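Heads up, start-v4.tsv below (TSV, C-alpha atoms (C1' of nucleotides)):
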```tsv
chain	number	residue	atom	x	y	z
A	29	MET	CA	1.36	4.24	-27.11
A	30	ALA	CA	2.49	0.71	-27.80
A	31	MET	CA	-0.10	-1.92	-28.46
A	32	HIS	CA	0.33	-3.80	-25.22
A	33	ASP	CA	0.46	-0.79	-22.97
A	34	VAL	CA	-2.55	-0.47	-20.80
A	35	GLU	CA	-4.10	2.88	-20.26
A	36	CYS	CA	-4.59	3.49	-16.62
A	37	CYS	CA	-5.07	6.68	-14.65
A	38	ASP	CA	-3.33	8.66	-17.38
A	39	THR	CA	0.15	7.87	-16.11
A	40	PHE	CA	2.19	6.73	-19.05
A	41	GLN	CA	4.66	4.69	-17.12
A	42	THR	CA	5.61	1.25	-18.35
A	43	HIS	CA	2.58	-0.68	-17.23
A	44	GLU	CA	3.55	-3.58	-19.37
A	45	GLU	CA	6.94	-3.90	-17.73
A	46	LEU	CA	5.44	-3.62	-14.27
A	47	LEU	CA	2.87	-6.29	-14.96
A	48	ASN	CA	5.55	-8.59	-16.31
A	49	LEU	CA	7.83	-8.00	-13.37
A	50	VAL	CA	5.05	-8.58	-10.89
A	51	SER	CA	3.75	-11.76	-12.46
A	52	GLN	CA	7.32	-12.98	-12.55
A	53	LYS	CA	8.16	-12.35	-8.90
A	54	MET	CA	4.75	-12.99	-7.36
A	55	PRO	CA	4.59	-16.40	-5.64
A	56	ASP	CA	1.90	-18.69	-6.99
A	57	GLU	CA	-1.57	-18.73	-5.52
A	58	ASP	CA	-0.96	-21.70	-3.26
A	59	GLU	CA	2.11	-20.17	-1.68
A	60	LEU	CA	0.36	-16.84	-1.16
A	61	TYR	CA	-2.46	-18.68	0.56
A	62	ASP	CA	-0.04	-20.59	2.79
A	63	LEU	CA	1.82	-17.40	3.67
A	64	ALA	CA	-1.39	-15.64	4.67
A	65	GLU	CA	-2.48	-18.66	6.69
A	66	LEU	CA	0.85	-18.65	8.53
A	67	PHE	CA	0.62	-14.99	9.47
A	68	LYS	CA	-3.00	-15.42	10.54
A	69	VAL	CA	-1.70	-17.81	13.17
A	70	PHE	CA	0.52	-15.05	14.57
A	71	GLY	CA	-2.41	-12.66	14.41
A	72	ASP	CA	-3.96	-13.59	17.72
A	73	SER	CA	-2.63	-12.47	21.06
A	74	THR	CA	-3.52	-15.71	22.83
A	75	ARG	CA	-1.37	-17.66	20.42
A	76	ILE	CA	1.45	-15.13	20.71
A	77	ARG	CA	1.31	-15.45	24.48
A	78	ILE	CA	1.50	-19.23	24.18
A	79	LEU	CA	4.59	-18.86	22.00
A	80	TYR	CA	6.19	-16.52	24.54
A	81	VAL	CA	5.76	-19.14	27.25
A	82	LEU	CA	7.28	-21.77	24.98
A	83	PHE	CA	10.25	-19.46	24.40
A	84	GLU	CA	11.19	-20.24	27.99
A	85	ALA	CA	10.39	-23.90	28.42
A	86	GLU	CA	8.64	-27.03	27.28
A	87	VAL	CA	5.28	-26.83	29.01
A	88	CYS	CA	2.21	-29.01	29.39
A	89	VAL	CA	-1.28	-27.83	28.43
A	90	CYS	CA	-2.43	-27.45	31.99
A	91	ASP	CA	0.55	-25.27	32.90
A	92	LEU	CA	-0.04	-23.11	29.84
A	93	ALA	CA	-3.65	-22.64	30.85
A	94	GLN	CA	-2.56	-21.58	34.29
A	95	ALA	CA	0.27	-19.32	33.14
A	96	LEU	CA	-2.08	-17.49	30.78
A	97	ASN	CA	-5.11	-17.66	33.06
A	98	MET	CA	-7.34	-19.24	30.47
A	99	THR	CA	-9.38	-22.43	30.26
A	100	GLN	CA	-7.55	-25.57	29.28
A	101	SER	CA	-9.99	-26.05	26.39
A	102	ALA	CA	-9.26	-22.65	24.87
A	103	ILE	CA	-5.53	-23.33	25.09
A	104	SER	CA	-5.94	-26.76	23.54
A	105	HIS	CA	-7.85	-25.34	20.58
A	106	GLN	CA	-5.09	-22.79	19.97
A	107	LEU	CA	-2.34	-25.37	20.36
A	108	LYS	CA	-3.99	-27.38	17.62
A	109	ILE	CA	-3.74	-24.40	15.27
A	110	LEU	CA	-0.12	-23.77	16.24
A	111	LYS	CA	0.70	-27.40	15.64
A	112	GLN	CA	-1.05	-27.54	12.28
A	113	SER	CA	1.12	-24.70	11.07
A	114	LYS	CA	4.18	-26.49	12.44
A	115	LEU	CA	5.12	-23.72	14.85
A	116	VAL	CA	5.03	-26.06	17.85
A	117	LYS	CA	5.46	-29.77	18.41
A	118	SER	CA	4.14	-32.01	21.17
A	119	ARG	CA	5.21	-35.04	23.13
A	120	ARG	CA	3.11	-37.12	25.44
A	121	ASP	CA	4.51	-38.11	28.81
A	122	GLY	CA	2.04	-40.12	30.83
A	123	LYS	CA	-1.18	-38.22	31.20
A	124	SER	CA	0.35	-34.91	30.19
A	125	VAL	CA	1.21	-33.57	26.76
A	126	PHE	CA	4.19	-31.26	26.57
A	127	TYR	CA	4.48	-28.59	23.91
A	128	SER	CA	7.60	-26.86	22.64
A	129	LEU	CA	8.69	-24.67	19.74
A	130	ALA	CA	9.11	-26.50	16.45
A	131	ASP	CA	11.94	-24.32	15.17
A	132	ASN	CA	13.51	-20.90	15.43
A	133	HIS	CA	11.63	-19.09	12.67
A	134	VAL	CA	9.05	-18.36	15.32
A	135	ARG	CA	11.51	-16.30	17.33
A	136	THR	CA	12.78	-14.47	14.26
A	137	ILE	CA	9.34	-13.60	12.95
A	138	ILE	CA	8.11	-12.31	16.29
A	139	ALA	CA	11.35	-10.40	16.85
A	140	GLN	CA	10.95	-8.67	13.48
A	141	GLY	CA	7.36	-7.84	14.31
A	142	ARG	CA	8.42	-6.27	17.58
A	143	GLU	CA	11.13	-4.28	15.84
A	144	HIS	CA	8.59	-2.89	13.41
A	145	ILE	CA	6.23	-1.87	16.17
A	146	GLU	CA	8.83	-0.16	18.29
A	147	GLU	CA	9.56	2.67	15.91
B	15	MET	CA	5.95	-28.99	48.22
B	16	ALA	CA	6.91	-25.39	48.85
B	17	MET	CA	4.23	-22.96	49.84
B	18	HIS	CA	4.20	-21.00	46.60
B	19	ASP	CA	4.30	-23.95	44.29
B	20	VAL	CA	1.13	-24.50	42.41
B	21	GLU	CA	-0.25	-27.96	42.00
B	22	CYS	CA	-1.02	-28.61	38.40
B	23	CYS	CA	-1.43	-31.87	36.51
B	24	ASP	CA	0.70	-33.63	39.09
B	25	THR	CA	3.97	-32.63	37.50
B	26	PHE	CA	6.19	-31.31	40.24
B	27	GLN	CA	8.33	-29.09	38.12
B	28	THR	CA	9.10	-25.60	39.26
B	29	HIS	CA	5.84	-23.92	38.42
B	30	GLU	CA	6.76	-20.92	40.47
B	31	GLU	CA	9.96	-20.34	38.54
B	32	LEU	CA	8.19	-20.77	35.24
B	33	LEU	CA	5.47	-18.32	36.14
B	34	ASN	CA	8.06	-15.78	37.27
B	35	LEU	CA	10.14	-16.20	34.14
B	36	VAL	CA	7.12	-15.87	31.89
B	37	SER	CA	5.68	-12.81	33.58
B	38	GLN	CA	9.13	-11.28	33.37
B	39	LYS	CA	9.72	-11.88	29.66
B	40	MET	CA	6.16	-11.54	28.41
B	41	PRO	CA	5.54	-8.16	26.71
B	42	ASP	CA	2.81	-6.12	28.29
B	43	GLU	CA	-0.78	-6.36	27.13
B	44	ASP	CA	-0.60	-3.36	24.81
B	45	GLU	CA	2.45	-4.63	22.99
B	46	LEU	CA	0.96	-8.10	22.60
B	47	TYR	CA	-2.14	-6.52	21.12
B	48	ASP	CA	-0.09	-4.42	18.70
B	49	LEU	CA	1.97	-7.44	17.68
B	50	ALA	CA	-1.14	-9.49	16.94
B	51	GLU	CA	-2.64	-6.56	15.02
B	52	LEU	CA	0.51	-6.30	12.92
B	53	PHE	CA	0.51	-9.97	11.99
B	54	LYS	CA	-3.20	-9.86	11.23
B	55	VAL	CA	-2.32	-7.38	8.50
B	56	PHE	CA	-0.01	-9.94	6.91
B	57	GLY	CA	-2.70	-12.58	7.30
B	58	ASP	CA	-4.59	-11.79	4.11
B	59	SER	CA	-3.43	-12.80	0.67
B	60	THR	CA	-4.74	-9.65	-1.00
B	61	ARG	CA	-2.56	-7.51	1.25
B	62	ILE	CA	0.42	-9.79	0.72
B	63	ARG	CA	-0.05	-9.49	-3.03
B	64	ILE	CA	-0.15	-5.71	-2.72
B	65	LEU	CA	3.11	-5.83	-0.80
B	66	TYR	CA	4.70	-8.02	-3.46
B	67	VAL	CA	3.83	-5.45	-6.11
B	68	LEU	CA	5.31	-2.71	-3.95
B	69	PHE	CA	8.50	-4.76	-3.61
B	70	GLU	CA	9.09	-3.90	-7.27
B	71	ALA	CA	7.96	-0.32	-7.62
B	72	GLU	CA	6.05	2.66	-6.32
B	73	VAL	CA	2.58	2.16	-7.78
B	74	CYS	CA	-0.69	4.08	-7.90
B	75	VAL	CA	-3.97	2.61	-6.68
B	76	CYS	CA	-5.36	2.16	-10.13
B	77	ASP	CA	-2.31	0.23	-11.30
B	78	LEU	CA	-2.45	-1.97	-8.22
B	79	ALA	CA	-6.09	-2.74	-8.93
B	80	GLN	CA	-5.20	-3.69	-12.46
B	81	ALA	CA	-2.10	-5.72	-11.56
B	82	LEU	CA	-4.09	-7.74	-9.04
B	83	ASN	CA	-7.29	-7.82	-11.06
B	84	MET	CA	-9.43	-6.41	-8.29
B	85	THR	CA	-11.70	-3.41	-7.91
B	86	GLN	CA	-10.16	-0.10	-7.02
B	87	SER	CA	-12.36	0.09	-3.95
B	88	ALA	CA	-11.20	-3.23	-2.55
B	89	ILE	CA	-7.57	-2.22	-3.06
B	90	SER	CA	-8.14	1.15	-1.47
B	91	HIS	CA	-9.67	-0.42	1.62
B	92	GLN	CA	-6.68	-2.72	2.00
B	93	LEU	CA	-4.19	0.08	1.42
B	94	LYS	CA	-5.79	1.93	4.28
B	95	ILE	CA	-5.11	-0.99	6.59
B	96	LEU	CA	-1.53	-1.32	5.33
B	97	LYS	CA	-0.98	2.37	5.89
B	98	GLN	CA	-2.46	2.36	9.38
B	99	SER	CA	0.03	-0.29	10.40
B	100	LYS	CA	2.82	1.74	8.80
B	101	LEU	CA	3.79	-0.93	6.32
B	102	VAL	CA	3.26	1.40	3.35
B	103	LYS	CA	3.34	5.12	2.79
B	104	SER	CA	1.64	7.24	0.16
B	105	ARG	CA	2.29	10.35	-1.86
B	106	ARG	CA	-0.16	12.25	-3.99
B	107	ASP	CA	0.89	13.35	-7.47
B	108	GLY	CA	-1.92	15.13	-9.23
B	109	LYS	CA	-4.99	12.96	-9.36
B	110	SER	CA	-3.08	9.79	-8.51
B	111	VAL	CA	-1.84	8.55	-5.15
B	112	PHE	CA	1.32	6.49	-5.23
B	113	TYR	CA	2.03	3.86	-2.62
B	114	SER	CA	5.37	2.40	-1.61
B	115	LEU	CA	6.87	0.30	1.18
B	116	ALA	CA	7.40	2.18	4.43
B	117	ASP	CA	10.50	0.24	5.48
B	118	ASN	CA	12.32	-3.02	5.05
B	119	HIS	CA	10.84	-4.98	7.93
B	120	VAL	CA	8.12	-5.94	5.50
B	121	ARG	CA	10.58	-7.77	3.29
B	122	THR	CA	12.24	-9.49	6.23
B	123	ILE	CA	9.01	-10.64	7.81
B	124	ILE	CA	7.62	-12.04	4.58
B	125	ALA	CA	10.95	-13.66	3.76
B	126	GLN	CA	10.98	-15.40	7.14
B	127	GLY	CA	7.42	-16.53	6.59
B	128	ARG	CA	8.33	-18.03	3.25
B	129	GLU	CA	11.33	-19.79	4.75
B	130	HIS	CA	9.15	-21.38	7.37
B	131	ILE	CA	6.66	-22.60	4.80
B	132	GLU	CA	9.21	-24.10	2.47
B	133	GLU	CA	10.36	-26.86	4.78
C	6	DT	C1'	-12.42	-53.22	36.12
C	7	DT	C1'	-13.44	-48.40	37.97
C	8	DA	C1'	-12.05	-43.80	39.33
C	9	DT	C1'	-9.50	-39.93	38.34
C	10	DC	C1'	-6.65	-36.77	35.89
C	11	DA	C1'	-5.10	-34.49	31.40
C	12	DT	C1'	-6.23	-33.48	27.01
C	13	DT	C1'	-8.97	-33.23	22.76
C	14	DT	C1'	-12.95	-32.40	20.15
C	15	DG	C1'	-17.47	-30.64	18.23
C	16	DA	C1'	-21.31	-27.53	18.33
C	17	DA	C1'	-22.92	-23.06	19.25
C	18	DC	C1'	-22.57	-18.19	19.52
C	19	DA	C1'	-21.03	-13.50	19.31
C	20	DA	C1'	-17.54	-10.69	17.30
C	21	DC	C1'	-14.74	-9.62	13.45
C	22	DT	C1'	-13.19	-9.36	8.38
C	23	DG	C1'	-13.01	-8.60	3.23
C	24	DT	C1'	-15.59	-7.49	-0.68
C	25	DT	C1'	-19.19	-5.03	-3.15
C	26	DC	C1'	-21.93	-1.18	-4.22
C	27	DA	C1'	-23.14	3.47	-4.02
C	28	DT	C1'	-21.56	7.76	-2.96
C	29	DA	C1'	-18.35	11.36	-1.48
C	30	DT	C1'	-13.96	13.77	-1.81
C	31	DG	C1'	-10.03	15.56	-4.25
C	32	DT	C1'	-7.61	17.05	-8.48
C	33	DT	C1'	-7.01	18.67	-13.19
C	34	DC	C1'	-8.28	20.85	-17.31
C	35	DA	C1'	-11.23	23.13	-20.54
D	12	DT	C1'	-17.57	27.02	-13.30
D	13	DG	C1'	-18.53	22.03	-14.91
D	14	DA	C1'	-16.95	17.58	-16.57
D	15	DA	C1'	-13.96	13.79	-16.14
D	16	DC	C1'	-10.76	11.08	-13.68
D	17	DA	C1'	-8.57	8.95	-9.36
D	18	DT	C1'	-9.19	7.78	-4.87
D	19	DA	C1'	-11.51	7.28	-0.37
D	20	DT	C1'	-15.31	6.04	2.50
D	21	DG	C1'	-19.60	3.99	4.72
D	22	DA	C1'	-23.11	0.53	4.91
D	23	DA	C1'	-24.35	-4.07	4.09
D	24	DC	C1'	-23.53	-8.86	3.50
D	25	DA	C1'	-21.56	-13.43	3.72
D	26	DG	C1'	-17.83	-15.91	5.53
D	27	DT	C1'	-14.47	-16.62	9.23
D	28	DT	C1'	-12.62	-16.75	14.05
D	29	DG	C1'	-12.01	-17.43	19.25
D	30	DT	C1'	-14.18	-18.79	23.32
D	31	DT	C1'	-17.36	-21.54	26.05
D	32	DC	C1'	-19.67	-25.61	27.31
D	33	DA	C1'	-20.45	-30.43	27.28
D	34	DA	C1'	-18.87	-34.69	26.08
D	35	DA	C1'	-15.32	-37.94	24.30
D	36	DT	C1'	-10.68	-39.89	24.33
D	37	DG	C1'	-6.32	-41.28	26.43
D	38	DA	C1'	-3.45	-42.67	30.35
D	39	DT	C1'	-2.52	-44.09	35.05
D	40	DA	C1'	-3.11	-46.31	39.37
D	41	DA	C1'	-5.87	-48.64	42.82
```

Output the file's structure as structure tokens, nothing else.
Amino acid sequence: MAMHDVECCDTFQTHEELLNLVSQKMPDEDELYDLAELFKVFGDSTRIRILYVLFEAEVCVCDLAQALNMTQSAISHQLKILKQSKLVKSRRDGKSVFYSLADNHVRTIIAQGREHIEE
Amino acid sequence: MAMHDVECCDTFQTHEELLNLVSQKMPDEDELYDLAELFKVFGDSTRIRILYVLFEAEVCVCDLAQALNMTQSAISHQLKILKQSKLVKSRRDGKSVFYSLADNHVRTIIAQGREHIEE
DNA sequence: TTATCATTTGAACAACTGTTCATATGTTCA
DNA sequence: TGAACATATGAACAGTTGTTCAAATGATAA
């Protein structure tokens, strides 16, 4: 057994190679954290429902609250999270604030998720 | 104002149409729940790191624990979650259990996530 | 200005999540 | 069989999350 090989569960595969390969391809800690944070945002059905509404139209907070039958405060809190992760953008028009999708990754990611589920 | 229009934040857009469109395109409650559950699984950096290792090779639990410098128990708990959501599959060979990716949606979803972040 | 509407924000609370530790299960080999 | 190794599991704990409620901010019109 070569000096750098690591003994682990008695399988004599090339641990060294694996560890090298992994440390080479693994994104750095910051990116992993950001990735997890992004997916956390998709991991709540209220936020997914908000995104589904925004798939159809630019909508103000009050309309979102009504469409999803939730309090305006709850929606506003979730919109803040969606905005922080740059999934939606907002625009004020008079007293109302209108929200819309920030880009199309949102659609792709959700579409892939649905594909995975429906199997 | 038509009878079925809903008054909301004084914007006289076609609330009725919007509500119809949304209720038509919105997945049902069960699917929304499943979607959120799926993305929750991606929403943890330990699980993402496990997936990155499995991008490279089929690996046993003990090797995963070593590659990620975590306890075998912690890894095992996370593998259970990954397996429940059908992102990974496992195969026993003697004393060891080897894990691998269940399909390629995993790669696509993570790739899309990375794309979104790097903007 | 004041009144009203739309939205945001902060604190509080219950519910949930990831890790650790101890222990159980499963497998191989002597 | 018993010993050693690999993995899985359950309970416990701290840390996080989503909603509610009350109050603050922002914008408009009288």

Superposed chain A (on chain B, all in-order C-alpha pairs) as a PDB file with C-alpha atoms, in the coordinates of the input:
```pdb
ATOM      1  CA  MET A  29       5.866 -28.919  48.341  1.00  0.00           C
ATOM      2  CA  ALA A  30       6.749 -25.304  48.947  1.00  0.00           C
ATOM      3  CA  MET A  31       4.011 -22.898  49.825  1.00  0.00           C
ATOM      4  CA  HIS A  32       4.015 -21.000  46.567  1.00  0.00           C
ATOM      5  CA  ASP A  33       4.212 -23.997  44.305  1.00  0.00           C
ATOM      6  CA  VAL A  34       1.072 -24.576  42.387  1.00  0.00           C
ATOM      7  CA  GLU A  35      -0.231 -28.046  41.966  1.00  0.00           C
ATOM      8  CA  CYS A  36      -0.965 -28.709  38.376  1.00  0.00           C
ATOM      9  CA  CYS A  37      -1.336 -31.935  36.442  1.00  0.00           C
ATOM     10  CA  ASP A  38       0.782 -33.752  39.014  1.00  0.00           C
ATOM     11  CA  THR A  39       4.068 -32.678  37.466  1.00  0.00           C
ATOM     12  CA  PHE A  40       6.239 -31.360  40.232  1.00  0.00           C
ATOM     13  CA  GLN A  41       8.363 -29.128  38.113  1.00  0.00           C
ATOM     14  CA  THR A  42       9.119 -25.615  39.272  1.00  0.00           C
ATOM     15  CA  HIS A  43       5.856 -23.950  38.410  1.00  0.00           C
ATOM     16  CA  GLU A  44       6.752 -20.971  40.472  1.00  0.00           C
ATOM     17  CA  GLU A  45       9.957 -20.374  38.561  1.00  0.00           C
ATOM     18  CA  LEU A  46       8.207 -20.792  35.235  1.00  0.00           C
ATOM     19  CA  LEU A  47       5.488 -18.344  36.141  1.00  0.00           C
ATOM     20  CA  ASN A  48       8.067 -15.823  37.275  1.00  0.00           C
ATOM     21  CA  LEU A  49      10.140 -16.231  34.156  1.00  0.00           C
ATOM     22  CA  VAL A  50       7.128 -15.895  31.914  1.00  0.00           C
ATOM     23  CA  SER A  51       5.699 -12.829  33.595  1.00  0.00           C
ATOM     24  CA  GLN A  52       9.149 -11.314  33.396  1.00  0.00           C
ATOM     25  CA  LYS A  53       9.737 -11.885  29.688  1.00  0.00           C
ATOM     26  CA  MET A  54       6.171 -11.539  28.434  1.00  0.00           C
ATOM     27  CA  PRO A  55       5.585  -8.160  26.744  1.00  0.00           C
ATOM     28  CA  ASP A  56       2.832  -6.099  28.317  1.00  0.00           C
ATOM     29  CA  GLU A  57      -0.738  -6.355  27.137  1.00  0.00           C
ATOM     30  CA  ASP A  58      -0.566  -3.353  24.844  1.00  0.00           C
ATOM     31  CA  GLU A  59       2.482  -4.626  23.013  1.00  0.00           C
ATOM     32  CA  LEU A  60       0.980  -8.093  22.627  1.00  0.00           C
ATOM     33  CA  TYR A  61      -2.115  -6.502  21.150  1.00  0.00           C
ATOM     34  CA  ASP A  62      -0.055  -4.404  18.735  1.00  0.00           C
ATOM     35  CA  LEU A  63       1.988  -7.431  17.696  1.00  0.00           C
ATOM     36  CA  ALA A  64      -1.135  -9.457  16.956  1.00  0.00           C
ATOM     37  CA  GLU A  65      -2.636  -6.547  15.042  1.00  0.00           C
ATOM     38  CA  LEU A  66       0.521  -6.284  12.935  1.00  0.00           C
ATOM     39  CA  PHE A  67       0.523  -9.954  12.006  1.00  0.00           C
ATOM     40  CA  LYS A  68      -3.196  -9.833  11.237  1.00  0.00           C
ATOM     41  CA  VAL A  69      -2.321  -7.352   8.517  1.00  0.00           C
ATOM     42  CA  PHE A  70       0.000  -9.922   6.931  1.00  0.00           C
ATOM     43  CA  GLY A  71      -2.696 -12.548   7.323  1.00  0.00           C
ATOM     44  CA  ASP A  72      -4.584 -11.764   4.154  1.00  0.00           C
ATOM     45  CA  SER A  73      -3.443 -12.781   0.713  1.00  0.00           C
ATOM     46  CA  THR A  74      -4.744  -9.633  -0.968  1.00  0.00           C
ATOM     47  CA  ARG A  75      -2.575  -7.501   1.264  1.00  0.00           C
ATOM     48  CA  ILE A  76       0.414  -9.787   0.736  1.00  0.00           C
ATOM     49  CA  ARG A  77      -0.061  -9.494  -3.009  1.00  0.00           C
ATOM     50  CA  ILE A  78      -0.164  -5.710  -2.713  1.00  0.00           C
ATOM     51  CA  LEU A  79       3.114  -5.812  -0.795  1.00  0.00           C
ATOM     52  CA  TYR A  80       4.691  -8.019  -3.465  1.00  0.00           C
ATOM     53  CA  VAL A  81       3.823  -5.454  -6.122  1.00  0.00           C
ATOM     54  CA  LEU A  82       5.298  -2.698  -3.976  1.00  0.00           C
ATOM     55  CA  PHE A  83       8.488  -4.748  -3.649  1.00  0.00           C
ATOM     56  CA  GLU A  84       9.062  -3.906  -7.301  1.00  0.00           C
ATOM     57  CA  ALA A  85       7.926  -0.327  -7.653  1.00  0.00           C
ATOM     58  CA  GLU A  86       6.019   2.649  -6.363  1.00  0.00           C
ATOM     59  CA  VAL A  87       2.557   2.162  -7.813  1.00  0.00           C
ATOM     60  CA  CYS A  88      -0.706   4.076  -7.933  1.00  0.00           C
ATOM     61  CA  VAL A  89      -3.994   2.611  -6.694  1.00  0.00           C
ATOM     62  CA  CYS A  90      -5.396   2.123 -10.149  1.00  0.00           C
ATOM     63  CA  ASP A  91      -2.328   0.197 -11.307  1.00  0.00           C
ATOM     64  CA  LEU A  92      -2.482  -1.994  -8.216  1.00  0.00           C
ATOM     65  CA  ALA A  93      -6.111  -2.768  -8.928  1.00  0.00           C
ATOM     66  CA  GLN A  94      -5.221  -3.746 -12.449  1.00  0.00           C
ATOM     67  CA  ALA A  95      -2.127  -5.757 -11.542  1.00  0.00           C
ATOM     68  CA  LEU A  96      -4.114  -7.768  -9.003  1.00  0.00           C
ATOM     69  CA  ASN A  97      -7.324  -7.861 -11.027  1.00  0.00           C
ATOM     70  CA  MET A  98      -9.459  -6.464  -8.258  1.00  0.00           C
ATOM     71  CA  THR A  99     -11.735  -3.456  -7.871  1.00  0.00           C
ATOM     72  CA  GLN A 100     -10.101  -0.170  -7.034  1.00  0.00           C
ATOM     73  CA  SER A 101     -12.328   0.115  -3.953  1.00  0.00           C
ATOM     74  CA  ALA A 102     -11.193  -3.206  -2.508  1.00  0.00           C
ATOM     75  CA  ILE A 103      -7.564  -2.217  -3.031  1.00  0.00           C
ATOM     76  CA  SER A 104      -8.132   1.172  -1.442  1.00  0.00           C
ATOM     77  CA  HIS A 105      -9.667  -0.392   1.660  1.00  0.00           C
ATOM     78  CA  GLN A 106      -6.662  -2.699   2.034  1.00  0.00           C
ATOM     79  CA  LEU A 107      -4.179   0.101   1.428  1.00  0.00           C
ATOM     80  CA  LYS A 108      -5.762   1.976   4.300  1.00  0.00           C
ATOM     81  CA  ILE A 109      -5.071  -0.964   6.613  1.00  0.00           C
ATOM     82  CA  LEU A 110      -1.503  -1.292   5.347  1.00  0.00           C
ATOM     83  CA  LYS A 111      -0.944   2.396   5.889  1.00  0.00           C
ATOM     84  CA  GLN A 112      -2.418   2.401   9.382  1.00  0.00           C
ATOM     85  CA  SER A 113       0.074  -0.242  10.401  1.00  0.00           C
ATOM     86  CA  LYS A 114       2.851   1.793   8.791  1.00  0.00           C
ATOM     87  CA  LEU A 115       3.819  -0.898   6.303  1.00  0.00           C
ATOM     88  CA  VAL A 116       3.288   1.415   3.328  1.00  0.00           C
ATOM     89  CA  LYS A 117       3.358   5.146   2.746  1.00  0.00           C
ATOM     90  CA  SER A 118       1.633   7.257   0.111  1.00  0.00           C
ATOM     91  CA  ARG A 119       2.281  10.359  -1.921  1.00  0.00           C
ATOM     92  CA  ARG A 120      -0.168  12.247  -4.044  1.00  0.00           C
ATOM     93  CA  ASP A 121       0.863  13.338  -7.514  1.00  0.00           C
ATOM     94  CA  GLY A 122      -1.924  15.127  -9.319  1.00  0.00           C
ATOM     95  CA  LYS A 123      -4.993  12.962  -9.430  1.00  0.00           C
ATOM     96  CA  SER A 124      -3.113   9.796  -8.559  1.00  0.00           C
ATOM     97  CA  VAL A 125      -1.865   8.546  -5.215  1.00  0.00           C
ATOM     98  CA  PHE A 126       1.303   6.494  -5.277  1.00  0.00           C
ATOM     99  CA  TYR A 127       2.033   3.868  -2.659  1.00  0.00           C
ATOM    100  CA  SER A 128       5.381   2.410  -1.654  1.00  0.00           C
ATOM    101  CA  LEU A 129       6.884   0.330   1.140  1.00  0.00           C
ATOM    102  CA  ALA A 130       7.417   2.201   4.390  1.00  0.00           C
ATOM    103  CA  ASP A 131      10.516   0.270   5.427  1.00  0.00           C
ATOM    104  CA  ASN A 132      12.340  -3.007   5.028  1.00  0.00           C
ATOM    105  CA  HIS A 133      10.851  -4.958   7.927  1.00  0.00           C
ATOM    106  CA  VAL A 134       8.133  -5.911   5.495  1.00  0.00           C
ATOM    107  CA  ARG A 135      10.584  -7.765   3.284  1.00  0.00           C
ATOM    108  CA  THR A 136      12.250  -9.471   6.234  1.00  0.00           C
ATOM    109  CA  ILE A 137       9.014 -10.622   7.818  1.00  0.00           C
ATOM    110  CA  ILE A 138       7.627 -12.022   4.586  1.00  0.00           C
ATOM    111  CA  ALA A 139      10.959 -13.656   3.757  1.00  0.00           C
ATOM    112  CA  GLN A 140      10.983 -15.401   7.143  1.00  0.00           C
ATOM    113  CA  GLY A 141       7.419 -16.532   6.607  1.00  0.00           C
ATOM    114  CA  ARG A 142       8.335 -18.020   3.256  1.00  0.00           C
ATOM    115  CA  GLU A 143      11.336 -19.769   4.762  1.00  0.00           C
ATOM    116  CA  HIS A 144       9.129 -21.358   7.387  1.00  0.00           C
ATOM    117  CA  ILE A 145       6.645 -22.583   4.827  1.00  0.00           C
ATOM    118  CA  GLU A 146       9.196 -24.077   2.496  1.00  0.00           C
ATOM    119  CA  GLU A 147      10.354 -26.827   4.799  1.00  0.00           C
TER     120      GLU A 147
END
```

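What chain B places within 12 Å of chain C, counting all atoms listed in the file, is Cys22, Cys23, Asp24, Thr25, Lys54, Val55, Gly57, Asp58, Ser59, Thr60, Arg61, Met84, Thr85, Gln86, Ser87, Ala88, Ile89, Ser90, His91, Gln92, Ile95, Arg106, Asp107, Gly108, Lys109, Ser110 and Val111 of chain B.
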
Between chain D and chain A, at 12 Å or less, what are the per-residue closest atom pairs and their distances in Å? Count all atoms listed in the file, order by chain and rising residue number, and return it as a tab-separated table.
```
residue	atom	partner	partner_atom	distance
D:DA15	C1'	A:Cys37	CA	11.5
D:DC16	C1'	A:Cys37	CA	7.3
D:DA17	C1'	A:Cys37	CA	6.7
D:DT18	C1'	A:Cys37	CA	10.7
D:DT27	C1'	A:Lys68	CA	11.6
D:DT28	C1'	A:Asp72	CA	9.9
D:DG29	C1'	A:Ala102	CA	8.1
D:DT30	C1'	A:Ala102	CA	6.4
D:DT31	C1'	A:Ala102	CA	8.3
D:DC32	C1'	A:Ser101	CA	9.7
D:DA33	C1'	A:Ser101	CA	11.4
D:DT36	C1'	A:Lys123	CA	11.8
D:DG37	C1'	A:Lys123	CA	7.7
D:DA38	C1'	A:Lys123	CA	5.1
D:DT39	C1'	A:Lys123	CA	7.1
D:DA40	C1'	A:Lys123	CA	11.7
```

Taking all atoms listed in the file into account and nothing else, which residues of chain A lie no more than 7 Å away from chain B? Please answer as a compact mmCIF listing (two decimals) with C-alpha atoms, keeping the file's coordinate frame.
```
# COMPACT_ATOMS: atom_id res chain seq x y z
CA CYS A 36 -4.59 3.49 -16.62
CA CYS A 37 -5.07 6.68 -14.65
CA LEU A 47 2.87 -6.29 -14.96
CA VAL A 50 5.05 -8.58 -10.89
CA MET A 54 4.75 -12.99 -7.36
CA LEU A 60 0.36 -16.84 -1.16
CA TYR A 61 -2.46 -18.68 0.56
CA LEU A 63 1.82 -17.40 3.67
CA ALA A 64 -1.39 -15.64 4.67
CA GLU A 65 -2.48 -18.66 6.69
CA PHE A 67 0.62 -14.99 9.47
CA LYS A 68 -3.00 -15.42 10.54
CA PHE A 70 0.52 -15.05 14.57
CA GLY A 71 -2.41 -12.66 14.41
CA ASP A 72 -3.96 -13.59 17.72
CA SER A 73 -2.63 -12.47 21.06
CA TYR A 80 6.19 -16.52 24.54
CA VAL A 81 5.76 -19.14 27.25
CA CYS A 90 -2.43 -27.45 31.99
CA ASP A 91 0.55 -25.27 32.90
CA ALA A 95 0.27 -19.32 33.14
CA HIS A 133 11.63 -19.09 12.67
CA ILE A 137 9.34 -13.60 12.95
CA GLN A 140 10.95 -8.67 13.48
CA GLY A 141 7.36 -7.84 14.31
CA ARG A 142 8.42 -6.27 17.58
CA HIS A 144 8.59 -2.89 13.41
```
